[in-house]
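Everything on this sheet refers to the single structure shown next.
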Amino acid sequence: VALDMEFTGLHSTFPQNNQPSLFDSPAELYLRARQSVQRFTVTQLGLAIFSNENSNKYVVHSYNFFLFPSTLGLTDVEFTLSASSIQFLSHYGFDYNKFLKDGIPYMNEVQEKILSQHLLAGSSKVSSALDRDVLKKAIDEVTCWIVAAEEEETMILQDLNGSQMFEVQLVLRKALQNVWTQPLGDKKVMVRKVSPQHRQLLENSPYDYCRKELVLLSARGFTNLFQTLVKAKKPLVGHNMLMDLMHLHDKFYKPLPESYEEFKRNIHNLFPVLIDTKTVTKSLWKKCPLPRVVNLLEVYEVLCSSLNPTDSTCPVIALASDCSRYAEKKSPHEAGYDAFLCGSVLLKSAHLLLCRSTDDAVEADPSFSQYLTVLAEYLNKVNFIRGGVSSINFSGEDTPCEHPPALVVHVRGWPGLNERQIYEEFKPLCLFDVRQLSKNQFILLSNKFKQLVLRDYKHHPHLRVSVYRHWRHSPRVNCLLQVSGIVALWSLLAFVLGGAPCCS
């Protein structure tokens with residue numbers, strides 16, 4: 001199963017400097033990203049299910065889900081919109097009407113527990129102002145109608161969305177003991193005038209569509225499908241999938257824990273086999289003479305082209321007849337399409353690695369288990385977007401952090417300089433991450449070390465740049481040397497004074 005998600009934003013600017021940094025360890029990045037995940041929400045989720053129809057053919061069913069947080073009987077959910085993310089998705093034709101008006105609800109276990117208690121208590125509290133207006137209109141209509149209505153007479157309430165269908169029924173049943181309600185579909189609810197005796201029989205009937213378990217089933221919405229994915233235990237494939245996994249945990253399972261290690265354990269229990277195609281292709285580019293592309297669509301196109309020497313022997317990947325839209329039109333950054341690309345990139349990458357792993361010709365129509373074998377070193381290694389390690393290991397210990405070569409900036413005659421100003425100063429030459437080392441010193445880290453920085457700032461009046469040396473520039477080392485020097489000096493003085501001859 002391949003997965004892709006779109007969000008209302010990626011990296012929160014609150015608090016300041018919340019962007020991923022090369023200085024980050026995996027645990028530090030997790031805490032930064034956790035703040036962002038808690039502020040943003042999922043707008044769209046794509047799933048592509050690859051079925052091995054025969055030995056050399058995979059049929060793909062690709063699905064696109066618009067999602068919107070459940071509002072049924074809960075405290076109102078707040079989320080943030082990032083202007084740049086909204087603009088980006090709009091550029092690629094994202095349908096915000098479908099997201100806002102027709103998004104499938106979802107909730108995590110904590111929210112479900114609150115709703116369950118709410119239903120048991122028979123509370124009719126409604127969090128949404130829009131829903132309150134709809135309910136008021138429905139109650140007014142029913143109370144006016146019921147005065148003159150005969151028993152078993154019915155009326156229809158129209159234009160109700162998913163959560164309103166339940167809210168209207170629960171509120172009407174609680175307020176009026178001589179009515180019964182039944183959903184008709186197509187945003188309609190039938191209201192029937194009944195006797196109290198008939199009402200009691202209906203309440204104990206298995207055909208009551210407002211039973212607690214059915215209300216919870218509807219309110220869970222997409223979470224039901226998430227739980228099915230968890231039970232299936234199929235390999236879950238993504239591209240640069242850390243943020244996807246964090247949102248899966250937060251929105252459909254439980255709020256993200258503060259502990260990074262607990263987050264890793266939870267995800268591994270939910271999805272024991274993860275494959276990040278970003279991790280796979282980063283390694284593939286080092287092993288194969290292919291163009292260095294980063295964008296998922298470009299990666300897919302390279303692997304489908306004549307530049308891939310094994311493409312002609314790759315298994316056939318065909319979209320199912322009822323999911324054929326993506327075969328006719330590219331739809332980048334639509335979650336269902338990107339999920340299809342992601343799964344296809346995995347199969348083509350695995351085939352290329354399998355061909356390179358043996359001197360003999362690869363047997364015709366290799367099985368998926370053979371692909372998993374050749375992918376073994378990448379399993380559960382999720383790409384670490386920007387930090388001291390290349391990937392996060394969800395099935396064990398992370399590798400120790402290894403930072404790229406650092407530069408240190410010494411400031412003279414420029415008081416009050418901060419990290420942001422240093423960043424802006426050096427941004428035209430190279431994208432550096434900046435961290436203040438001491439009052440007048442800053443460390444610069446970059447994936448692309450630029451010698452020209454050392455050259456261009458050789459004669460700068462206020463900034464002197466040199467290669468960072470731990471023994472020379474670390475405040476701790478300097479403090480230790482200073483303390484050691486003071487101790488040595490006092491020891492020397494004590495020795496000299498203590499060893500001086502006494503006057504007789």
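In the structure tokens, chains take letters A, B, ... by order of appearance, with residues numbered from 1 within each chain and ligands from 1 in the order shown.
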
Name the residues in contact with Asn308 of chain A at a cut-off of 8 Å, using only C-alpha atoms, excluding same-chain residues fewer than 4 positions from it; report them as a list in words.
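What passes the distance filter is Leu290, Val302, Leu303, Cys304 and Leu352 of chain A.
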
Please give the complete set of residues from segment 56-214 of chain A that DSSP, run on the backbone, assigns to alpha helix (DSSP H), formatted as a PyMOL selection string.
chain A and resi 83-91+96-102+109-120+129-146+162-175+196-203+212-214

Please give the complete set of residues from segment 72-287 of chain A that DSSP, run on the backbone, assigns to strand (DSSP E or B), formatted as a PyMOL selection string.
chain A and resi 104+154-157+179-185+188-193+236-238+274-276

Can you list, as a ChimeraX atom specification, every protein, DNA or RNA residue that comes within 7 Å of segment 58-62 of chain A when you count only C-alpha atoms, leaving out same-chain residues fewer than 4 positions away?
/A:47-53,316-320,323,336,340

Identify, on the basis of only C-alpha atoms, every residue whose closest approach to segment 153-167 of chain A does not exceed 8 Å; exclude the query and any residue fewer than 4 positions from it along the same chain; express the result as a PyMOL selection string.
chain A and resi 70-73+124+126+131+134-135+138+149+171+183+187-193+210+215+218-219

Got a sec: who's within 6 Å of segment 426-440 of chain A, counting only C-alpha atoms, leaving out chain neighbours fewer than 5 positions off, as a list in words?
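Residues near the query, excluding close chain neighbours: His410, Val411, Glu419, Leu445 and Ser446 of chain A.
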
Atoms to include: N, CA and C atoms. Write the selected residues as a PDB file, in the first residue's frame.
```
ATOM      1  N   HIS A 410      33.362  34.868  13.702  1.00  0.00           N
ATOM      2  CA  HIS A 410      33.736  35.739  14.818  1.00  0.00           C
ATOM      3  C   HIS A 410      33.284  37.156  14.472  1.00  0.00           C
ATOM      4  N   VAL A 411      32.546  37.775  15.382  1.00  0.00           N
ATOM      5  CA  VAL A 411      32.009  39.117  15.153  1.00  0.00           C
ATOM      6  C   VAL A 411      32.831  40.137  15.931  1.00  0.00           C
ATOM      7  N   GLU A 419      21.121  35.486  15.267  1.00  0.00           N
ATOM      8  CA  GLU A 419      21.178  34.371  14.319  1.00  0.00           C
ATOM      9  C   GLU A 419      20.494  34.722  12.999  1.00  0.00           C
ATOM     10  N   LEU A 445      26.299  25.688   9.502  1.00  0.00           N
ATOM     11  CA  LEU A 445      26.293  24.339   8.941  1.00  0.00           C
ATOM     12  C   LEU A 445      25.575  24.355   7.601  1.00  0.00           C
ATOM     13  N   SER A 446      26.127  23.617   6.629  1.00  0.00           N
ATOM     14  CA  SER A 446      25.483  23.496   5.328  1.00  0.00           C
ATOM     15  C   SER A 446      25.814  22.145   4.727  1.00  0.00           C
TER      16      SER A 446
END
```

Figure out the distance between atom CA of Ser85 of chain A and atom CA of Asn108 of chain A, please, to one decimal in Å.
24.3 Å
